[in-house]
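**Student:** Dropping in final.txt, which is compact mmCIF, C-alpha atoms:
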```
# COMPACT_ATOMS: atom_id res chain seq x y z
CA MET A 1 -23.61 42.00 -22.40
CA SER A 2 -23.92 44.65 -19.97
CA GLY A 3 -24.77 44.76 -16.33
CA THR A 4 -28.30 44.19 -15.27
CA ASP A 5 -30.41 43.53 -12.32
CA ALA A 6 -32.14 40.45 -11.23
CA GLU A 7 -35.53 41.15 -12.56
CA SER A 8 -34.62 41.48 -16.23
CA ASN A 9 -32.60 38.40 -17.04
CA PRO A 10 -30.14 38.72 -19.47
CA SER A 11 -26.36 40.52 -20.24
CA ASP A 12 -26.23 41.23 -19.41
CA ARG A 13 -29.52 41.41 -16.76
CA PRO A 14 -31.78 42.56 -14.01
CA GLU A 15 -31.28 44.15 -10.68
CA SER A 16 -30.16 41.43 -8.39
CA GLN A 17 -31.30 43.29 -5.33
CA PRO A 18 -34.62 42.38 -3.72
CA GLU A 19 -37.15 45.10 -4.31
CA SER A 20 -38.85 47.11 -1.59
CA GLN A 21 -42.56 47.20 -0.94
CA PRO A 22 -43.77 49.93 -3.35
CA ASP A 23 -45.22 48.59 -6.56
CA ALA A 24 -43.46 49.03 -9.89
CA ALA A 25 -45.56 52.04 -10.89
CA SER A 26 -44.47 54.01 -7.83
CA ARG A 27 -40.75 53.18 -7.95
CA PRO A 28 -38.37 55.59 -9.68
CA VAL A 29 -36.76 54.31 -12.85
CA ARG A 30 -33.21 53.21 -12.17
CA GLU A 31 -30.50 55.24 -13.85
CA GLU A 32 -29.30 52.35 -16.00
CA ARG A 33 -32.76 51.82 -17.48
CA ARG A 34 -33.35 55.38 -18.62
CA PRO A 35 -33.27 56.16 -22.34
CA ALA A 36 -30.11 57.61 -23.83
CA ARG A 37 -29.63 61.32 -23.21
CA ASP A 38 -29.45 63.54 -26.26
CA ASP A 39 -26.64 65.73 -24.99
CA VAL A 40 -22.94 64.91 -25.09
CA GLU A 41 -21.60 65.82 -21.66
CA GLU A 42 -18.08 66.41 -20.35
CA MET A 43 -17.59 64.18 -17.33
CA ALA A 44 -13.99 65.16 -16.57
CA PRO A 45 -11.59 67.43 -18.43
CA GLY A 46 -11.31 66.04 -21.95
CA ILE A 47 -13.66 63.08 -21.38
CA LEU A 48 -17.06 63.21 -23.08
CA ARG A 49 -19.96 60.87 -22.34
CA ILE A 50 -22.06 59.81 -25.31
CA GLN A 51 -25.12 57.78 -24.34
CA LEU A 52 -26.10 55.34 -27.09
CA PRO A 53 -29.56 53.74 -27.17
CA ILE A 54 -29.96 50.03 -26.50
CA GLU A 55 -33.04 47.89 -25.97
CA LEU A 56 -32.01 45.15 -23.58
CA PRO A 57 -33.85 43.92 -20.48
CA GLY A 58 -33.11 46.27 -17.62
CA LEU A 59 -31.03 48.68 -19.72
CA GLY A 60 -31.89 51.74 -21.79
CA HIS A 61 -28.49 52.99 -22.91
CA VAL A 62 -24.75 52.32 -22.88
CA ASN A 63 -22.18 55.00 -22.13
CA CYS A 64 -19.51 55.52 -24.76
CA TYR A 65 -16.65 57.74 -23.60
CA ALA A 66 -14.80 59.89 -26.15
CA MET A 67 -11.42 61.59 -25.78
CA GLU A 68 -9.81 63.85 -28.37
CA ASP A 69 -6.12 64.45 -29.02
CA GLU A 70 -3.94 65.67 -31.86
CA ARG A 71 -4.33 62.31 -33.63
CA GLY A 72 -8.10 62.23 -33.48
CA ILE A 73 -10.48 60.43 -31.14
CA ALA A 74 -10.35 57.49 -28.76
CA LEU A 75 -13.61 55.74 -27.79
CA VAL A 76 -14.40 53.39 -24.92
CA ASP A 77 -17.32 50.96 -25.48
CA PRO A 78 -18.88 52.16 -28.76
CA GLY A 79 -22.22 50.35 -28.35
CA LEU A 80 -24.24 47.61 -30.02
CA PRO A 81 -23.59 46.43 -33.59
CA GLY A 82 -25.76 47.59 -36.44
CA PRO A 83 -26.58 50.68 -38.50
CA LYS A 84 -28.84 52.31 -35.89
CA THR A 85 -26.10 52.52 -33.29
CA ARG A 86 -23.54 53.60 -35.88
CA ALA A 87 -25.84 56.42 -37.06
CA ALA A 88 -26.45 57.56 -33.47
CA LEU A 89 -22.72 57.51 -32.70
CA LYS A 90 -21.86 59.52 -35.82
CA LYS A 91 -24.60 62.05 -35.13
CA LYS A 92 -23.55 62.61 -31.53
CA LEU A 93 -19.87 62.86 -32.41
CA LYS A 94 -20.72 65.44 -35.05
CA GLY A 95 -22.80 67.37 -32.53
CA ALA A 96 -19.72 67.56 -30.33
CA ALA A 97 -17.61 68.80 -33.28
CA LEU A 98 -15.89 65.41 -33.56
CA SER A 99 -15.58 63.20 -36.63
CA TYR A 100 -16.25 59.46 -36.76
CA ASP A 101 -13.60 59.25 -39.48
CA HIS A 102 -10.96 60.44 -37.01
CA VAL A 103 -11.39 57.63 -34.47
CA HIS A 104 -7.94 56.11 -33.98
CA THR A 105 -8.50 53.88 -30.92
CA VAL A 106 -11.37 51.82 -29.51
CA VAL A 107 -11.11 50.30 -26.04
CA VAL A 108 -13.60 47.53 -25.23
CA THR A 109 -14.18 46.88 -21.53
CA HIS A 110 -15.53 43.36 -22.03
CA SER A 111 -17.01 40.85 -24.43
CA HIS A 112 -20.70 41.73 -24.46
CA PRO A 113 -22.29 43.13 -27.66
CA ASP A 114 -23.42 46.43 -26.16
CA HIS A 115 -19.74 47.16 -25.52
CA PHE A 116 -17.83 45.66 -28.45
CA GLY A 117 -20.54 45.88 -31.12
CA GLN A 118 -19.25 48.80 -33.20
CA ALA A 119 -15.53 48.13 -32.74
CA ALA A 120 -15.00 46.06 -35.88
CA SER A 121 -16.97 48.47 -38.06
CA ILE A 122 -14.96 51.41 -36.77
CA ARG A 123 -11.73 49.55 -37.39
CA ARG A 124 -12.78 48.78 -40.96
CA ALA A 125 -13.78 52.39 -41.61
CA THR A 126 -10.86 54.20 -39.96
CA GLY A 127 -8.12 51.64 -39.30
CA ALA A 128 -8.54 52.25 -35.56
CA GLU A 129 -6.62 50.19 -33.02
CA VAL A 130 -8.90 47.91 -30.95
CA ILE A 131 -7.73 47.32 -27.37
CA THR A 132 -9.16 44.58 -25.11
CA HIS A 133 -8.06 42.48 -22.21
CA ARG A 134 -5.94 39.48 -23.10
CA SER A 135 -8.84 37.09 -22.35
CA PHE A 136 -11.32 38.88 -24.62
CA ARG A 137 -13.59 36.63 -26.66
CA THR A 138 -17.13 37.09 -27.92
CA PHE A 139 -20.27 35.03 -27.47
CA LEU A 140 -20.08 34.00 -31.12
CA ASP A 141 -17.15 31.82 -30.14
CA PRO A 142 -18.94 28.52 -29.39
CA THR A 143 -16.75 28.02 -26.30
CA ALA A 144 -17.51 31.47 -24.89
CA GLU A 145 -20.06 32.48 -22.29
CA ASP A 146 -23.62 32.40 -23.60
CA ASP A 147 -25.20 35.77 -24.19
CA GLU A 148 -28.85 35.69 -25.15
CA SER A 149 -29.36 39.36 -25.91
CA ASP A 150 -30.92 40.35 -29.21
CA VAL A 151 -28.56 42.05 -31.62
CA GLU A 152 -29.15 43.91 -34.83
CA THR A 153 -28.40 42.00 -38.00
CA ALA A 154 -28.78 42.76 -41.66
CA PRO A 155 -32.40 42.19 -42.74
CA LEU A 156 -33.10 38.95 -44.59
CA THR A 157 -35.49 38.51 -47.48
CA SER A 158 -38.16 35.83 -47.09
CA ASP A 159 -36.21 33.59 -49.46
CA GLN A 160 -32.98 34.08 -47.51
CA LEU A 161 -34.80 33.39 -44.24
CA GLU A 162 -36.33 30.18 -45.59
CA LYS A 163 -32.93 28.95 -46.79
CA ALA A 164 -31.31 29.98 -43.52
CA THR A 165 -33.96 28.13 -41.52
CA VAL A 166 -33.35 24.90 -43.45
CA ALA A 167 -29.58 25.29 -43.17
CA ALA A 168 -29.79 26.11 -39.47
CA ALA A 169 -31.96 23.07 -38.80
CA ARG A 170 -29.45 20.80 -40.49
CA HIS A 171 -26.57 22.47 -38.70
CA GLU A 172 -28.35 22.31 -35.34
CA ALA A 173 -28.79 18.55 -35.64
CA ALA A 174 -25.05 18.10 -36.06
CA ASP A 175 -23.84 20.95 -33.83
CA PRO A 176 -26.49 22.41 -31.52
CA GLY A 177 -24.09 24.99 -30.09
CA PRO A 178 -23.91 26.36 -26.56
CA LEU A 179 -27.37 27.90 -26.43
CA THR A 180 -29.05 24.50 -26.65
CA ASN A 181 -26.71 22.45 -24.47
CA VAL A 182 -27.94 20.91 -21.22
CA THR A 183 -26.96 23.15 -18.33
CA PRO A 184 -24.31 22.02 -15.82
CA TRP A 185 -27.02 21.68 -13.18
CA GLY A 186 -29.18 19.47 -15.41
CA GLY A 187 -32.75 19.72 -16.48
CA SER A 188 -34.02 21.09 -19.74
CA PRO A 189 -31.53 22.77 -22.06
CA TYR A 190 -31.84 26.41 -22.96
CA THR A 191 -34.20 26.31 -25.92
CA LEU A 192 -34.56 29.58 -27.78
CA PRO A 193 -37.34 30.43 -30.22
CA ARG A 194 -36.64 29.14 -33.70
CA SER A 195 -36.15 32.65 -35.08
CA ARG A 196 -33.44 33.39 -32.53
CA ARG A 197 -31.69 30.06 -33.13
CA VAL A 198 -31.67 30.88 -36.84
CA LYS A 199 -30.27 34.33 -36.11
CA TYR A 200 -27.61 32.85 -33.85
CA TRP A 201 -26.60 30.31 -36.47
CA MET A 202 -26.53 32.95 -39.18
CA MET A 203 -24.28 35.16 -37.08
CA ARG A 204 -21.87 32.32 -36.48
CA ARG A 205 -22.00 31.33 -40.14
CA ALA A 206 -21.54 34.81 -41.55
CA ALA A 207 -20.37 36.91 -38.64
CA GLY A 208 -18.22 39.12 -40.83
CA ARG A 209 -21.26 40.31 -42.79
CA PHE A 210 -23.97 40.50 -40.18
CA MET A 211 -22.07 41.28 -37.00
CA PRO A 212 -18.38 42.04 -37.51
CA ILE A 213 -16.36 40.66 -34.63
CA PRO A 214 -13.50 42.85 -33.44
CA ALA A 215 -10.08 41.30 -33.86
CA PRO A 216 -8.14 43.08 -31.11
CA SER A 217 -4.97 44.72 -32.37
CA ARG A 218 -3.70 45.00 -28.80
CA ARG A 219 -4.48 42.80 -25.81
CA VAL A 220 -3.53 44.12 -22.39
CA THR A 221 -3.13 42.63 -18.95
CA ASP A 222 -3.49 43.99 -15.44
CA HIS A 223 -1.31 47.07 -14.77
CA ASP A 224 -0.53 47.71 -18.45
CA VAL A 225 -0.58 51.39 -19.38
CA ILE A 226 -2.77 52.65 -22.23
CA SER A 227 -2.06 56.19 -23.44
CA LEU A 228 -5.22 57.95 -24.64
CA ALA A 229 -5.60 61.66 -25.30
CA GLY A 230 -2.63 62.72 -23.25
CA ARG A 231 -3.57 60.54 -20.27
CA ASP A 232 -1.94 57.36 -19.07
CA TRP A 233 -4.68 54.90 -18.18
CA VAL A 234 -3.81 51.84 -16.12
CA ALA A 235 -5.55 48.60 -17.11
CA VAL A 236 -7.36 47.06 -14.12
CA HIS A 237 -8.47 43.48 -14.73
CA THR A 238 -11.76 42.85 -12.87
CA PRO A 239 -13.09 39.35 -13.68
CA GLY A 240 -16.50 38.32 -12.39
CA HIS A 241 -19.16 39.69 -14.72
CA THR A 242 -16.98 38.28 -17.52
CA ILE A 243 -13.55 36.72 -17.40
CA ASP A 244 -12.11 39.52 -19.54
CA HIS A 245 -13.62 42.56 -17.83
CA LEU A 246 -11.37 45.60 -17.89
CA CYS A 247 -11.56 48.90 -16.00
CA LEU A 248 -9.43 51.93 -16.86
CA TRP A 249 -7.83 54.01 -14.11
CA ASP A 250 -6.35 57.48 -14.55
CA PRO A 251 -4.31 58.03 -11.37
CA THR A 252 -3.35 61.59 -12.32
CA HIS A 253 -6.91 62.89 -12.56
CA GLY A 254 -8.64 60.42 -10.22
CA VAL A 255 -10.95 58.89 -12.85
CA MET A 256 -12.06 55.25 -13.11
CA ILE A 257 -13.95 54.00 -16.15
CA SER A 258 -15.66 51.06 -14.48
CA GLY A 259 -17.51 49.33 -17.34
CA ASP A 260 -20.14 46.96 -15.94
CA HIS A 261 -18.02 46.01 -12.93
CA VAL A 262 -19.34 48.73 -10.62
CA LEU A 263 -22.65 50.31 -11.65
CA PRO A 264 -24.48 53.05 -9.73
CA THR A 265 -27.79 51.35 -8.86
CA ILE A 266 -27.82 47.79 -10.22
CA THR A 267 -25.42 44.86 -10.13
CA PRO A 268 -23.99 42.99 -13.13
CA HIS A 269 -25.08 39.47 -13.90
CA ILE A 270 -22.73 36.81 -12.49
CA SER A 271 -23.07 33.79 -14.73
CA GLY A 272 -22.66 30.22 -13.56
CA LEU A 273 -21.81 29.35 -17.15
CA GLY A 274 -18.56 31.30 -17.12
CA ALA A 275 -15.09 30.08 -17.89
CA THR A 276 -13.81 30.04 -14.29
CA VAL A 277 -14.47 27.67 -11.42
CA ASP A 278 -15.97 30.26 -9.07
CA PRO A 279 -17.02 33.47 -10.88
CA LEU A 280 -18.65 34.87 -7.73
CA LYS A 281 -15.35 34.55 -5.85
CA ASP A 282 -13.63 36.29 -8.77
CA PHE A 283 -16.22 39.07 -8.57
CA PHE A 284 -15.76 39.51 -4.82
CA GLU A 285 -11.99 39.79 -5.22
CA SER A 286 -12.40 42.32 -8.03
CA LEU A 287 -14.78 44.35 -5.87
CA ASP A 288 -12.32 44.27 -2.98
CA ARG A 289 -9.70 45.85 -5.23
CA MET A 290 -11.86 48.92 -5.65
CA SER A 291 -11.20 50.08 -2.10
CA THR A 292 -7.49 50.34 -2.92
CA PHE A 293 -8.16 53.19 -5.37
CA ALA A 294 -8.63 55.84 -2.71
CA ASP A 295 -7.65 58.64 -5.07
CA VAL A 296 -10.58 58.01 -7.43
CA THR A 297 -13.00 60.92 -7.30
CA THR A 298 -14.98 60.27 -10.49
CA VAL A 299 -16.37 56.87 -11.52
CA LEU A 300 -17.64 56.59 -15.09
CA PRO A 301 -19.80 53.46 -15.46
CA ALA A 302 -20.98 51.81 -18.68
CA HIS A 303 -24.63 52.40 -17.72
CA GLY A 304 -26.13 55.10 -15.55
CA LEU A 305 -24.57 58.31 -14.29
CA GLU A 306 -21.21 59.15 -12.80
CA PHE A 307 -20.63 58.80 -9.06
CA GLY A 308 -17.84 59.35 -6.56
CA ASP A 309 -17.58 56.68 -3.88
CA LEU A 310 -16.04 53.75 -5.74
CA GLY A 311 -15.07 51.71 -2.69
CA GLY A 312 -18.38 52.34 -0.95
CA ARG A 313 -20.44 51.28 -3.95
CA ALA A 314 -18.30 48.17 -4.43
CA ASP A 315 -18.89 47.27 -0.77
CA ASP A 316 -22.65 47.74 -1.23
CA ILE A 317 -22.65 45.34 -4.18
CA LYS A 318 -20.62 42.76 -2.29
CA ARG A 319 -22.91 43.07 0.74
CA HIS A 320 -25.90 42.48 -1.52
CA HIS A 321 -24.47 39.22 -2.82
CA HIS A 322 -23.67 38.06 0.71
CA GLU A 323 -27.30 38.74 1.57
CA ARG A 324 -28.29 36.53 -1.35
CA LEU A 325 -26.04 33.78 -0.01
CA ASP A 326 -27.78 34.12 3.36
CA THR A 327 -31.15 33.89 1.60
CA LEU A 328 -30.06 30.58 0.08
CA ARG A 329 -28.94 29.30 3.48
CA GLU A 330 -32.30 30.17 4.99
CA ALA A 331 -34.16 28.63 2.06
CA SER A 332 -32.27 25.38 2.49
CA ASP A 333 -33.78 24.99 5.96
CA THR A 334 -37.17 24.72 4.26
CA LEU A 335 -36.26 23.16 0.92
CA GLY A 336 -33.73 20.62 2.11
CA MET A 337 -31.92 18.96 -0.79
CA ALA A 338 -33.25 21.03 -3.69
CA THR A 339 -32.59 21.86 -7.33
CA VAL A 340 -31.12 25.04 -8.75
CA SER A 341 -34.56 25.87 -10.10
CA ASP A 342 -36.06 25.50 -6.61
CA TYR A 343 -33.50 27.86 -5.11
CA MET A 344 -33.90 30.30 -7.98
CA ARG A 345 -37.51 30.84 -6.97
CA THR A 346 -36.36 32.05 -3.55
CA LEU A 347 -33.90 34.60 -5.00
CA PHE A 348 -35.87 36.06 -7.90
CA LYS A 349 -39.36 37.35 -8.45
CA GLU A 350 -41.50 35.24 -10.77
CA ARG A 351 -41.20 37.69 -13.67
CA SER A 352 -37.43 37.04 -13.65
CA TRP A 353 -37.51 33.23 -13.58
CA GLY A 354 -35.59 31.74 -16.46
CA SER A 355 -32.17 30.83 -17.75
CA MET A 356 -30.31 33.89 -16.50
CA ALA A 357 -31.79 33.67 -13.02
CA GLU A 358 -30.93 29.96 -12.85
CA SER A 359 -27.40 30.68 -14.02
CA GLU A 360 -26.80 33.27 -11.30
CA THR A 361 -28.37 31.01 -8.67
CA TYR A 362 -26.06 28.20 -9.75
CA ALA A 363 -23.05 30.53 -9.42
CA HIS A 364 -24.05 31.31 -5.84
CA LEU A 365 -24.68 27.66 -4.93
CA GLU A 366 -21.35 26.59 -6.40
CA HIS A 367 -19.62 29.34 -4.44
CA LEU A 368 -21.11 27.93 -1.25
CA ARG A 369 -20.13 24.39 -2.23
CA LEU A 370 -16.54 25.42 -2.89
CA LEU A 371 -16.46 27.15 0.49
CA GLY A 372 -17.53 23.87 2.09
CA ASP A 373 -20.90 25.34 3.10
CA ALA A 374 -23.01 23.25 0.74
CA THR A 375 -23.17 19.69 -0.50
CA VAL A 376 -24.40 18.50 -3.87
CA ASP A 377 -26.12 15.27 -4.88
CA ASP A 378 -25.13 14.57 -8.49
CA ARG A 379 -26.53 11.04 -8.75
CA GLY A 380 -29.54 12.00 -10.84
CA ASP A 381 -30.08 14.00 -13.99
CA VAL A 382 -30.46 17.20 -11.97
CA LEU A 383 -28.07 18.52 -9.31
CA ARG A 384 -29.54 18.93 -5.84
CA TYR A 385 -27.95 21.12 -3.18
CA ALA A 386 -28.21 21.28 0.59
CA ILE A 387 -26.60 24.15 2.51
CA THR A 388 -25.15 23.65 5.95
```
Represent the structure of the file as structure tokens.

**Tutor:**
Amino acid sequence: MSGTDAESNPSDRPESQPESQPDAASRPVREERRPARDDVEEMAPGILRIQLPIELPGLGHVNCYAMEDERGIALVDPGLPGPKTRAALKKKLKGAALSYDHVHTVVVTHSHPDHFGQAASIRRATGAEVITHRSFRTFLDPTAEDDESDVETAPLTSDQLEKATVAAARHEAADPGPLTNVTPWGGSPYTLPRSRRVKYWMMRRAAGRFMPIPAPSRRVTDHDVISLAGRDWVAVHTPGHTIDHLCLWDPTHGVMISGDHVLPTITPHISGLGATVDPLKDFFESLDRMSTFADVTTVLPAHGLEFGDLGGRADDIKRHHHERLDTLREASDTLGMATVSDYMRTLFKERSWGSMAESETYAHLEHLRLLGDATVDDRGDVLRYAIT
């Protein structure tokens, strides 16, 4: 999913930063939460921003970037799956005198549905090349990171839904899947409403029909060069938000397409259920890399508006997470040996309590443990942490 902040809890994902004193009604709406703009805007020479609507917690749109050349069109992050997004994409391309049928390349920054969702459909329709990082995998892979965002699927008749419910119940008994497994820190498993478990099972069972999964035709690694619309983009691997997160750097024109890695006003969700030992450490290292791109003058994020100070914004995000680590240290003085759920309540407002908030809290506690700054008692059913 996409980046979010701590109060919304998914994809990605709510603003992780503590909020100031004004109440919600008086605070300005963050850029990333605003509805999609109608206009297609040129962000840099030859790079158009198409904002596609999404309805995810903390997010109101995803930015799809379009570049035209003599072969046709290249797109970066073409939005959520489903006919609504496809119709919006076609309409906005047409409004910019571009044709959906001429898309020859789709680059996906990472494996969340609001970024990869249309890639497979475009490939089927146009034969487009789909480019991802080498580690790309989607949440429909049962070994992948959980992503609890709602996605569009083909509508089911009442008869189909009844049959699917029975089949899903039988399947769930034999193979509950990652969304119902007990978390690494113990306690109750993530239990989703029955309708969502059915939808999840149906997508895994018939992904090709309901939510086509992109089969990348090219997988890149850090420093690989991707030629799009007369520009040579350098692949910049930035794990943290996901293990496969990819930014695109154009050193000639000073442009960085930053995906969810660096967003203008919110921070991406850092999941404790990721595929690496210390995703927060990975995220810090990826943020540190941003200061090495001193020639970047235009940052094009996956949500929100463009900005200029890449290194400064990355430092702000890193500072925010260090403040959260300090909050956990201070909380430990009061809580003592406490559960992930206990610590979560010190990091997040009550409206954000839940699986995503626990997951990010766990990522921070594990980071401290791996630094040697926390100890864990794993003798019971639930992990308990104390921070030195």

**Student:** So the first atom is CA of His223 (chain A) and the second is CA of Ala235 (chain A); what is the distance between them in Å, to one decimal place?

**Tutor:**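 Between these atoms lies a distance of 5.1 Å.
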
**Student:** Quick one: everything within 8 Å of Gly72 (chain A), counting all atoms listed in the file, minus sequence neighbours fewer than 6 positions away in the same chain. Send it as JSON, numbers by chain.

**Tutor:** {"A": [102, 103, 104]}

**Student:** Could you write out that same residue set with C-alpha atoms as a short mmCIF file (atom, residue, chain, number, x, y, z; two decimals), keeping the file's coordinate frame?

**Tutor:**
```
data_model
loop_
_atom_site.label_atom_id
_atom_site.label_comp_id
_atom_site.auth_asym_id
_atom_site.auth_seq_id
_atom_site.Cartn_x
_atom_site.Cartn_y
_atom_site.Cartn_z
CA HIS A 102 -10.96 60.44 -37.01
CA VAL A 103 -11.39 57.63 -34.47
CA HIS A 104 -7.94 56.11 -33.98
#
```

**Student:** Compare A:Asp69, A:Asp101, A:Asp114, A:Asp373 by their minimum atom-to-atom distance to Arg329 (chain A), counting only C-alpha atoms, and give me the closest one.

**Tutor:** A:Asp373

**Student:** Taking all atoms listed in the file into account, which of A:Pro279, A:Pro216, A:Pro28, A:Gly354 comes nearest Ala128 (chain A)?

**Tutor:** A:Pro216

**Student:** Nearest to Arg137 (chain A): which of A:Thr85, A:Ser111, A:Thr183, A:Thr267 is it, counting only C-alpha atoms?

**Tutor:**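 Smallest distance to Arg137 (chain A) is found for A:Ser111.
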
**Student:** Could you state the separation of CA of Gln118 (chain A) and CA of Val262 (chain A) in Å, given to one decimal place?

**Tutor:**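 Computed distance, CA of Gln118 (chain A) to CA of Val262 (chain A), equals 22.6 Å.
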
**Student:** If you measure from CA of Leu280 (chain A) to CA of His110 (chain A), what distance in Å do you get, rounded to one decimal?

**Tutor:** 16.9 Å

**Student:** Please tell me which residues are no farther than 8 Å from (-25.6, 32.4, -2.8) in the file, counting all atoms listed in the file, and write them as an MDAnalysis selection string.

**Tutor:** chainID A and resid 321:329 361 363:365 367:368

**Student:** Would you mind telling me which residue in A:Ile131, A:Leu228, A:Val40, A:Ala97 lies nearest to Arg71 (chain A) when using only C-alpha atoms?

**Tutor:**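 Closest candidate: A:Leu228.
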
**Student:** Using all atoms listed in the file, which residue out of A:Phe348, A:Phe293, A:Phe136, A:Trp185 lies closest to Asp244 (chain A)?

**Tutor:**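 That would be A:Phe136, the residue with the smallest distance to Asp244 (chain A).
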
**Student:** Which residues, written as a ChimeraX atom specification, have at least one atom at most 10 Å from Glu41 (chain A), with all atoms listed in the file counted and residues fewer than 4 positions away on the same chain left out?

**Tutor:** /A:37,47-51,65,96

**Student:** If you count all atoms listed in the file, which residues fall within 8 Å of Gly46 (chain A), apart from same-chain ones fewer than 5 positions away, as a list in words?

**Tutor:**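 Skipping anything fewer than 5 positions along the chain leaves Met67, Glu68 and Ala229 of chain A.
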
**Student:** Which one of A:Glu70, A:Glu55, A:Glu32, A:Asp260 sits closest to His115 (chain A) if you count only C-alpha atoms?

**Tutor:**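 That would be A:Asp260, the residue with the smallest distance to His115 (chain A).
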
**Student:** Can you list, as a PDB file with C-alpha atoms, in the coordinates of the input, every protein, DNA or RNA residue that comes within 10 Å of Pro251 (chain A) when you count all atoms listed in the file, leaving out same-chain residues fewer than 3 positions away?

**Tutor:**
```pdb
ATOM      1  CA  ARG A 231      -3.570  60.540 -20.270  1.00  0.00           C
ATOM      2  CA  ASP A 232      -1.940  57.360 -19.070  1.00  0.00           C
ATOM      3  CA  TRP A 233      -4.680  54.900 -18.180  1.00  0.00           C
ATOM      4  CA  VAL A 234      -3.810  51.840 -16.120  1.00  0.00           C
ATOM      5  CA  LEU A 248      -9.430  51.930 -16.860  1.00  0.00           C
ATOM      6  CA  GLY A 254      -8.640  60.420 -10.220  1.00  0.00           C
ATOM      7  CA  VAL A 255     -10.950  58.890 -12.850  1.00  0.00           C
ATOM      8  CA  MET A 256     -12.060  55.250 -13.110  1.00  0.00           C
ATOM      9  CA  PHE A 293      -8.160  53.190  -5.370  1.00  0.00           C
ATOM     10  CA  ALA A 294      -8.630  55.840  -2.710  1.00  0.00           C
ATOM     11  CA  ASP A 295      -7.650  58.640  -5.070  1.00  0.00           C
ATOM     12  CA  VAL A 296     -10.580  58.010  -7.430  1.00  0.00           C
TER      13      VAL A 296
END
```

**Student:** If we count all atoms listed in the file, what is near Asp316 (chain A) at a cut-off of 12 Å, once residues fewer than 2 positions away on the same chain are taken out, given as a count of residues only?

**Tutor:** 24

**Student:** Using only C-alpha atoms, give me every residue within 12 Å of (-24.6, 14.2, -8.0) in file coordinates, as a list in words.

**Tutor:**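 Selection result: Pro184, Trp185, Gly186, Met337, Ala338, Thr339, Thr375, Val376, Asp377, Asp378, Arg379, Gly380, Asp381, Val382, Leu383, Arg384, Tyr385 and Ala386 of chain A.
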
**Student:** Grab region 73-95 of chain A from that structure and dump C-alpha atoms to a file, as a PDB file, in the first residue's frame.

**Tutor:**
```
ATOM      1  CA  ILE A  73       3.809   6.346 -23.109  1.00  0.00           C
ATOM      2  CA  ALA A  74       5.575   5.190 -19.962  1.00  0.00           C
ATOM      3  CA  LEU A  75       3.674   5.251 -16.643  1.00  0.00           C
ATOM      4  CA  VAL A  76       4.933   5.099 -13.067  1.00  0.00           C
ATOM      5  CA  ASP A  77       2.469   3.718 -10.465  1.00  0.00           C
ATOM      6  CA  PRO A  78      -0.827   3.439 -12.393  1.00  0.00           C
ATOM      7  CA  GLY A  79      -3.106   3.190  -9.342  1.00  0.00           C
ATOM      8  CA  LEU A  80      -5.482   0.731  -7.713  1.00  0.00           C
ATOM      9  CA  PRO A  81      -6.963  -2.257  -9.557  1.00  0.00           C
ATOM     10  CA  GLY A  82     -10.484  -2.171 -10.883  1.00  0.00           C
ATOM     11  CA  PRO A  83     -12.625  -0.519 -13.559  1.00  0.00           C
ATOM     12  CA  LYS A  84     -13.038   2.815 -11.738  1.00  0.00           C
ATOM     13  CA  THR A  85      -9.321   3.521 -11.677  1.00  0.00           C
ATOM     14  CA  ARG A  86      -8.891   2.280 -15.238  1.00  0.00           C
ATOM     15  CA  ALA A  87     -11.670   4.610 -16.456  1.00  0.00           C
ATOM     16  CA  ALA A  88     -10.136   7.570 -14.585  1.00  0.00           C
ATOM     17  CA  LEU A  89      -6.685   6.823 -16.014  1.00  0.00           C
ATOM     18  CA  LYS A  90      -8.006   6.557 -19.575  1.00  0.00           C
ATOM     19  CA  LYS A  91     -10.013   9.763 -19.229  1.00  0.00           C
ATOM     20  CA  LYS A  92      -7.094  11.769 -17.880  1.00  0.00           C
ATOM     21  CA  LEU A  93      -4.680  10.419 -20.468  1.00  0.00           C
ATOM     22  CA  LYS A  94      -7.149  11.371 -23.194  1.00  0.00           C
ATOM     23  CA  GLY A  95      -7.492  14.843 -21.694  1.00  0.00           C
TER      24      GLY A  95
END
```
